[in-house]
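Dumped protein_1.txt below, it's compact mmCIF, C-alpha atoms and all ligand atoms:
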```
# COMPACT_ATOMS: atom_id res chain seq x y z
CA MET A 1 16.03 270.74 -7.08
CA ARG A 2 14.43 267.37 -6.56
CA VAL A 3 15.54 263.81 -7.25
CA LYS A 4 13.17 263.67 -10.24
CA ASP A 5 15.12 266.48 -11.94
CA VAL A 6 18.16 264.21 -11.96
CA ALA A 7 16.49 260.83 -12.47
CA GLY A 8 14.81 262.18 -15.60
CA SER A 9 18.01 263.39 -17.20
CA SER A 10 20.16 260.37 -16.33
CA GLY A 11 17.29 258.08 -17.39
CA ARG A 12 18.98 255.15 -15.77
CA THR A 13 17.31 251.76 -15.99
CA VAL A 14 17.76 249.71 -12.86
CA VAL A 15 19.94 246.65 -13.17
CA THR A 16 18.98 243.97 -10.64
CA VAL A 17 20.39 240.65 -9.57
CA GLU A 18 18.79 237.72 -7.70
CA PRO A 19 20.09 236.94 -4.19
CA SER A 20 21.03 233.39 -5.26
CA GLU A 21 23.30 234.62 -8.07
CA THR A 22 27.05 234.83 -7.53
CA ILE A 23 29.66 237.57 -7.29
CA ALA A 24 30.89 236.40 -10.72
CA ASP A 25 27.46 237.42 -12.11
CA VAL A 26 27.68 240.76 -10.25
CA VAL A 27 31.13 241.50 -11.67
CA ASP A 28 29.86 240.74 -15.20
CA LEU A 29 26.85 243.04 -14.75
CA LEU A 30 28.91 245.87 -13.25
CA LYS A 31 31.25 245.75 -16.24
CA GLU A 32 28.55 245.25 -18.89
CA HIS A 33 26.53 248.26 -17.69
CA SER A 34 29.45 250.42 -16.49
CA ILE A 35 27.85 250.86 -13.07
CA GLY A 36 29.02 250.65 -9.46
CA ALA A 37 26.10 249.01 -7.66
CA ILE A 38 23.26 246.60 -8.32
CA VAL A 39 19.94 246.32 -6.54
CA VAL A 40 19.11 242.82 -5.32
CA SER A 41 15.56 241.82 -6.16
CA HIS A 42 13.45 238.82 -7.20
CA ASP A 43 11.02 240.83 -9.30
CA ASN A 44 12.64 244.22 -10.17
CA LYS A 45 10.19 245.83 -7.73
CA SER A 46 10.89 244.86 -4.13
CA ILE A 47 14.33 245.67 -2.80
CA LEU A 48 16.01 242.84 -0.90
CA GLY A 49 19.45 244.46 -0.77
CA ILE A 50 22.14 246.28 -2.69
CA ILE A 51 25.61 245.11 -3.68
CA SER A 52 28.32 247.47 -4.84
CA GLU A 53 31.83 247.16 -6.20
CA ARG A 54 33.03 248.12 -2.71
CA ASP A 55 31.46 244.97 -1.20
CA VAL A 56 33.26 242.86 -3.79
CA VAL A 57 36.62 244.58 -3.22
CA ARG A 58 36.29 244.28 0.58
CA HIS A 59 35.67 240.54 0.27
CA LEU A 60 38.54 240.16 -2.18
CA ALA A 61 40.89 241.85 0.28
CA ARG A 62 39.88 239.30 2.95
CA GLU A 63 39.78 236.23 0.80
CA GLN A 64 40.86 236.16 -2.83
CA GLU A 65 40.13 232.50 -3.47
CA GLY A 66 36.46 231.81 -3.85
CA THR A 67 35.11 235.39 -3.89
CA LEU A 68 33.59 234.91 -7.34
CA ARG A 69 31.63 231.90 -6.07
CA VAL A 70 30.11 233.70 -3.05
CA LYS A 71 26.36 234.24 -3.29
CA VAL A 72 25.00 237.77 -3.57
CA GLU A 73 22.82 237.26 -0.46
CA ASP A 74 25.95 236.60 1.62
CA LEU A 75 27.61 239.88 0.67
CA MET A 76 24.79 242.35 0.00
CA THR A 77 23.75 245.18 2.31
CA ARG A 78 20.23 244.41 3.53
CA ASN A 79 19.32 247.69 5.15
CA VAL A 80 18.97 249.78 2.00
CA LEU A 81 18.25 253.49 2.28
CA THR A 82 16.06 254.76 -0.54
CA CYS A 83 14.67 258.04 -1.79
CA GLN A 84 11.59 259.19 -3.70
CA LEU A 85 11.31 261.30 -6.85
CA ASP A 86 9.97 264.29 -4.92
CA ASP A 87 12.76 264.25 -2.32
CA ASP A 88 15.00 267.28 -2.07
CA LEU A 89 18.31 266.77 -3.91
CA GLU A 90 20.54 268.26 -1.23
CA ALA A 91 18.86 266.29 1.57
CA THR A 92 19.40 263.11 -0.48
CA MET A 93 23.06 263.99 -1.04
CA ARG A 94 23.41 264.53 2.70
CA ILE A 95 21.95 261.06 3.46
CA MET A 96 24.43 259.49 1.02
CA THR A 97 27.39 261.46 2.36
CA ASP A 98 26.52 260.63 5.98
CA GLY A 99 25.94 256.95 5.14
CA ARG A 100 29.11 256.81 3.01
CA PHE A 101 27.44 255.21 0.01
CA ARG A 102 27.32 256.46 -3.57
CA HIS A 103 24.13 254.85 -4.84
CA ILE A 104 20.53 255.27 -3.78
CA PRO A 105 17.55 253.42 -5.26
CA ILE A 106 14.40 255.45 -5.96
CA VAL A 107 11.09 253.97 -4.84
CA ASP A 108 7.50 254.98 -5.59
CA SER A 109 4.70 255.47 -3.07
CA ASN A 110 4.24 251.67 -2.87
CA SER A 111 7.92 251.28 -1.96
CA GLU A 112 8.53 249.68 -5.35
CA LEU A 113 11.82 250.21 -7.16
CA CYS A 114 11.55 252.80 -9.94
CA GLY A 115 15.08 254.10 -10.48
CA ILE A 116 18.55 254.59 -9.04
CA VAL A 117 20.86 257.57 -8.88
CA SER A 118 24.52 257.85 -8.00
CA LEU A 119 26.21 260.57 -6.01
CA GLY A 120 27.98 261.49 -9.25
CA ASP A 121 24.61 262.09 -10.99
CA LEU A 122 23.47 264.32 -8.11
CA VAL A 123 26.70 266.31 -7.90
CA SER A 124 26.74 266.80 -11.67
CA ALA A 125 23.12 268.08 -11.72
CA ARG A 126 23.81 270.43 -8.79
CA LEU A 127 26.92 271.80 -10.52
CA GLN A 128 24.99 272.42 -13.74
CA ALA A 129 22.33 274.30 -11.80
CA LEU A 130 24.98 276.41 -10.04
CA GLU A 131 26.67 277.18 -13.38
CA ALA A 132 23.33 278.24 -14.92
CA GLN A 133 22.65 280.46 -11.89
CA ASN A 134 26.11 281.98 -12.18
CA THR A 135 25.65 282.73 -15.91
CA GLU A 136 22.28 284.36 -15.18
CA LEU A 137 23.71 286.52 -12.38
CA THR A 138 26.66 287.58 -14.55
CA ALA A 139 24.28 288.54 -17.40
CA LYS A 140 22.08 290.51 -14.97
CA GLY A 141 25.16 292.27 -13.57
CA ARG A 142 26.20 293.33 -17.10
CA HIS A 143 22.67 294.52 -17.86
CA ASN A 144 22.52 296.68 -14.69
CA ARG A 145 25.87 298.39 -15.33
P1 LIG A 201 28.88 252.45 -2.67
O1 LIG A 201 29.54 253.68 -2.18
O2 LIG A 201 27.53 252.71 -3.25
O3 LIG A 201 29.76 251.60 -3.54
O4 LIG A 201 28.53 251.54 -1.38
C1 LIG A 201 29.32 251.49 -0.22
C2 LIG A 201 28.66 250.51 0.76
O5 LIG A 201 27.31 250.95 1.07
C3 LIG A 201 28.48 249.07 0.26
O6 LIG A 201 28.62 248.20 1.37
C4 LIG A 201 27.06 249.02 -0.28
O7 LIG A 201 26.48 247.72 -0.22
C5 LIG A 201 26.35 249.98 0.65
N1 LIG A 201 25.28 250.73 -0.01
C6 LIG A 201 25.25 251.22 -1.27
N2 LIG A 201 24.12 251.88 -1.51
C7 LIG A 201 23.40 251.83 -0.36
C8 LIG A 201 22.11 252.35 0.05
N3 LIG A 201 21.35 253.07 -0.76
N4 LIG A 201 21.70 252.07 1.32
C9 LIG A 201 22.48 251.36 2.16
N5 LIG A 201 23.67 250.87 1.85
C10 LIG A 201 24.15 251.10 0.60
```
Go through the file and emit its structure as structure tokens.
Amino acid sequence: MRVKDVAGSSGRTVVTVEPSETIADVVDLLKEHSIGAIVVSHDNKSILGIISERDVVRHLAREQEGTLRVKVEDLMTRNVLTCQLDDDLEATMRIMTDGRFRHIPIVDSNSELCGIVSLGDLVSARLQALEAQNTELTAKGRHNR
């Protein structure tokens, strides 16, 4: 399976935020779209960073007062790992597991943002594929008896 097999079915549009916006804006967007991470971009194409609910919670644990006023650029992760639609699903899951993050933006051949998938999307697609395989093997086993 490839990333495109999952990106197609989840059909997720990419929510972005500008670096100069605040954590209050991020919290609103996370809630409004029921998502866990937002790509930071000026133009919805180039990726400047990523900010996830974990970044917000970590900052809250350090300093409750003022977290909502912090700028996205002061909290985002700048070194964003990305994948492409043709990338192998399991290799992508491995990168996410090793890096301990649950979201990975998808970029095209020009390195422009074209989607995002979560570890949950990937695990769910892999499980579905395994279940389909299992059903097929069981049916074959019955047929050969
Ligand atoms: P998450 O598990 O996605 O909530 O993210 C956990 C941490 O990894 C946070 O500090 C995020 O900013 C960061 N992060 C999320 N996605 C990525 C990614 N694709 N590349 C690098 N860091 C990421």
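Candidate residues A:Asn144, A:Thr82, A:Thr135, A:Ser124 were compared for distance to Gly99 (chain A), and the nearest is A:Thr82, using all atoms listed in the file.
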- Task: Kindly work out which residues sit at most 10 Å from ligand LIG 201 (chain A), using only C-alpha atoms and all ligand atoms, and give the list as a ChimeraX atom specification.
- Result: /A:35-39,49-58,75-83,95-97,99-106,116-119
- Pick out the residues sitting within 10 Å of His42 (chain A), and hand them over as a list of chain:residue names; count all atoms listed in the file, and ignore anything fewer than 6 positions along from it in its own chain. A:Thr16, A:Val17, A:Glu18, A:Pro19, A:Ser20, A:Leu48
Where's the centre, and what are the edge lengths in Å to one decimal, of a box along x, y and z enclosing all listed atoms of region 94-100 of chain A padded 4 Å per side, as JSON?
```
{"center_x": 25.5, "center_y": 260.7, "center_z": 3.5, "size_x": 15.2, "size_y": 15.7, "size_z": 13.0}
```
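We find CA of Val26 (chain A) and CA of Val72 (chain A) to be spaced 7.8 Å apart.
Neighbouring residues of Gly66 (chain A) at 12 Å or closer, counting all atoms listed in the file and skipping chain neighbours under 4 positions away, are Thr22, Ile23, Ala24, Val56, His59, Leu60, Ala61, Arg62, Val70 and Lys71 of chain A.
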- Query: CA of Asp28 (chain A) to CA of Ser41 (chain A): how many Å, to one decimal?
  - Reply: 17.0 Å
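Coordinates place CA of Glu21 (chain A) at a distance of 18.4 Å from CA of Gln64 (chain A).
Comparing the minimum interatomic distances between Glu90 (chain A) and each of A:Leu127, A:Ala132, A:Val107, A:Glu73, counting all atoms listed in the file, we find that A:Leu127 sits nearest.
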- Query: Smallest atom-to-atom distance to Asp108 (chain A): which of A:Thr67, A:Thr138, A:Gln133, A:Ser46, using all atoms listed in the file?
  - Reply: A:Ser46
Completion step: region 66-77 of chain A with all heavy atoms as a PDB file, keeping the file's coordinate frame:
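So rebuild.pdb came out as:
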```pdb
ATOM      1  N   GLY A  66      37.862 232.114  -4.142  1.00  0.00           N
ATOM      2  CA  GLY A  66      36.460 231.810  -3.850  1.00  0.00           C
ATOM      3  C   GLY A  66      35.510 232.989  -3.861  1.00  0.00           C
ATOM      4  O   GLY A  66      34.303 232.796  -3.820  1.00  0.00           O
ATOM      5  N   THR A  67      36.022 234.230  -3.929  1.00  0.00           N
ATOM      6  CA  THR A  67      35.110 235.390  -3.890  1.00  0.00           C
ATOM      7  C   THR A  67      34.081 235.332  -5.023  1.00  0.00           C
ATOM      8  O   THR A  67      32.903 235.605  -4.809  1.00  0.00           O
ATOM      9  CB  THR A  67      35.912 236.717  -3.960  1.00  0.00           C
ATOM     10  OG1 THR A  67      36.665 236.844  -2.763  1.00  0.00           O
ATOM     11  CG2 THR A  67      35.002 237.933  -4.086  1.00  0.00           C
ATOM     12  N   LEU A  68      34.523 234.925  -6.191  1.00  0.00           N
ATOM     13  CA  LEU A  68      33.590 234.910  -7.340  1.00  0.00           C
ATOM     14  C   LEU A  68      32.455 233.909  -7.165  1.00  0.00           C
ATOM     15  O   LEU A  68      31.398 234.036  -7.778  1.00  0.00           O
ATOM     16  CB  LEU A  68      34.346 234.620  -8.644  1.00  0.00           C
ATOM     17  CG  LEU A  68      35.303 235.714  -9.106  1.00  0.00           C
ATOM     18  CD1 LEU A  68      36.026 235.294 -10.378  1.00  0.00           C
ATOM     19  CD2 LEU A  68      34.550 237.033  -9.334  1.00  0.00           C
ATOM     20  N   ARG A  69      32.669 232.915  -6.277  1.00  0.00           N
ATOM     21  CA  ARG A  69      31.630 231.900  -6.070  1.00  0.00           C
ATOM     22  C   ARG A  69      30.661 232.255  -4.938  1.00  0.00           C
ATOM     23  O   ARG A  69      29.655 231.579  -4.724  1.00  0.00           O
ATOM     24  CB  ARG A  69      32.278 230.540  -5.760  1.00  0.00           C
ATOM     25  CG  ARG A  69      32.955 229.899  -6.960  1.00  0.00           C
ATOM     26  CD  ARG A  69      33.320 228.456  -6.650  1.00  0.00           C
ATOM     27  NE  ARG A  69      34.235 228.363  -5.507  1.00  0.00           N
ATOM     28  CZ  ARG A  69      35.552 228.427  -5.593  1.00  0.00           C
ATOM     29  NH1 ARG A  69      36.114 228.575  -6.771  1.00  0.00           N
ATOM     30  NH2 ARG A  69      36.309 228.331  -4.529  1.00  0.00           N
ATOM     31  N   VAL A  70      30.982 233.310  -4.181  1.00  0.00           N
ATOM     32  CA  VAL A  70      30.110 233.700  -3.050  1.00  0.00           C
ATOM     33  C   VAL A  70      28.754 234.146  -3.601  1.00  0.00           C
ATOM     34  O   VAL A  70      28.672 234.766  -4.662  1.00  0.00           O
ATOM     35  CB  VAL A  70      30.788 234.846  -2.244  1.00  0.00           C
ATOM     36  CG1 VAL A  70      29.850 235.438  -1.208  1.00  0.00           C
ATOM     37  CG2 VAL A  70      32.059 234.347  -1.593  1.00  0.00           C
ATOM     38  N   LYS A  71      27.701 233.832  -2.845  1.00  0.00           N
ATOM     39  CA  LYS A  71      26.360 234.240  -3.290  1.00  0.00           C
ATOM     40  C   LYS A  71      26.106 235.707  -2.939  1.00  0.00           C
ATOM     41  O   LYS A  71      26.574 236.190  -1.905  1.00  0.00           O
ATOM     42  CB  LYS A  71      25.314 233.374  -2.590  1.00  0.00           C
ATOM     43  CG  LYS A  71      25.311 231.957  -3.107  1.00  0.00           C
ATOM     44  CD  LYS A  71      23.899 231.415  -3.127  1.00  0.00           C
ATOM     45  CE  LYS A  71      23.901 230.102  -3.877  1.00  0.00           C
ATOM     46  NZ  LYS A  71      23.165 229.074  -3.222  1.00  0.00           N
ATOM     47  N   VAL A  72      25.338 236.359  -3.776  1.00  0.00           N
ATOM     48  CA  VAL A  72      25.000 237.770  -3.570  1.00  0.00           C
ATOM     49  C   VAL A  72      24.396 237.979  -2.178  1.00  0.00           C
ATOM     50  O   VAL A  72      24.747 238.919  -1.465  1.00  0.00           O
ATOM     51  CB  VAL A  72      24.007 238.236  -4.669  1.00  0.00           C
ATOM     52  CG1 VAL A  72      23.415 239.591  -4.343  1.00  0.00           C
ATOM     53  CG2 VAL A  72      24.701 238.245  -6.027  1.00  0.00           C
ATOM     54  N   GLU A  73      23.510 237.078  -1.754  1.00  0.00           N
ATOM     55  CA  GLU A  73      22.820 237.260  -0.460  1.00  0.00           C
ATOM     56  C   GLU A  73      23.794 237.226   0.720  1.00  0.00           C
ATOM     57  O   GLU A  73      23.474 237.718   1.791  1.00  0.00           O
ATOM     58  CB  GLU A  73      21.727 236.207  -0.278  1.00  0.00           C
ATOM     59  CG  GLU A  73      22.220 234.790  -0.253  1.00  0.00           C
ATOM     60  CD  GLU A  73      21.100 233.783  -0.495  1.00  0.00           C
ATOM     61  OE1 GLU A  73      19.930 234.178  -0.491  1.00  0.00           O
ATOM     62  OE2 GLU A  73      21.424 232.601  -0.718  1.00  0.00           O
ATOM     63  N   ASP A  74      24.981 236.660   0.522  1.00  0.00           N
ATOM     64  CA  ASP A  74      25.950 236.600   1.620  1.00  0.00           C
ATOM     65  C   ASP A  74      26.834 237.838   1.693  1.00  0.00           C
ATOM     66  O   ASP A  74      27.603 237.992   2.638  1.00  0.00           O
ATOM     67  CB  ASP A  74      26.815 235.344   1.471  1.00  0.00           C
ATOM     68  CG  ASP A  74      25.993 234.080   1.653  1.00  0.00           C
ATOM     69  OD1 ASP A  74      25.032 234.130   2.439  1.00  0.00           O
ATOM     70  OD2 ASP A  74      26.283 233.070   0.983  1.00  0.00           O
ATOM     71  N   LEU A  75      26.727 238.698   0.699  1.00  0.00           N
ATOM     72  CA  LEU A  75      27.610 239.880   0.670  1.00  0.00           C
ATOM     73  C   LEU A  75      26.827 241.196   0.600  1.00  0.00           C
ATOM     74  O   LEU A  75      27.375 242.259   0.872  1.00  0.00           O
ATOM     75  CB  LEU A  75      28.529 239.768  -0.564  1.00  0.00           C
ATOM     76  CG  LEU A  75      29.978 240.175  -0.363  1.00  0.00           C
ATOM     77  CD1 LEU A  75      30.605 239.394   0.756  1.00  0.00           C
ATOM     78  CD2 LEU A  75      30.750 239.917  -1.656  1.00  0.00           C
ATOM     79  N   MET A  76      25.561 241.103   0.233  1.00  0.00           N
ATOM     80  CA  MET A  76      24.790 242.350   0.000  1.00  0.00           C
ATOM     81  C   MET A  76      24.507 243.089   1.315  1.00  0.00           C
ATOM     82  O   MET A  76      24.525 242.500   2.397  1.00  0.00           O
ATOM     83  CB  MET A  76      23.452 242.011  -0.689  1.00  0.00           C
ATOM     84  CG  MET A  76      22.480 241.254   0.194  1.00  0.00           C
ATOM     85  SD  MET A  76      21.040 240.753  -0.783  1.00  0.00           S
ATOM     86  CE  MET A  76      19.952 240.163   0.526  1.00  0.00           C
ATOM     87  N   THR A  77      24.232 244.380   1.174  1.00  0.00           N
ATOM     88  CA  THR A  77      23.750 245.180   2.310  1.00  0.00           C
ATOM     89  C   THR A  77      22.237 245.056   2.313  1.00  0.00           C
ATOM     90  O   THR A  77      21.585 245.271   1.284  1.00  0.00           O
ATOM     91  CB  THR A  77      24.158 246.655   2.116  1.00  0.00           C
ATOM     92  OG1 THR A  77      25.579 246.723   2.053  1.00  0.00           O
ATOM     93  CG2 THR A  77      23.662 247.531   3.254  1.00  0.00           C
TER      94      THR A  77
END
```
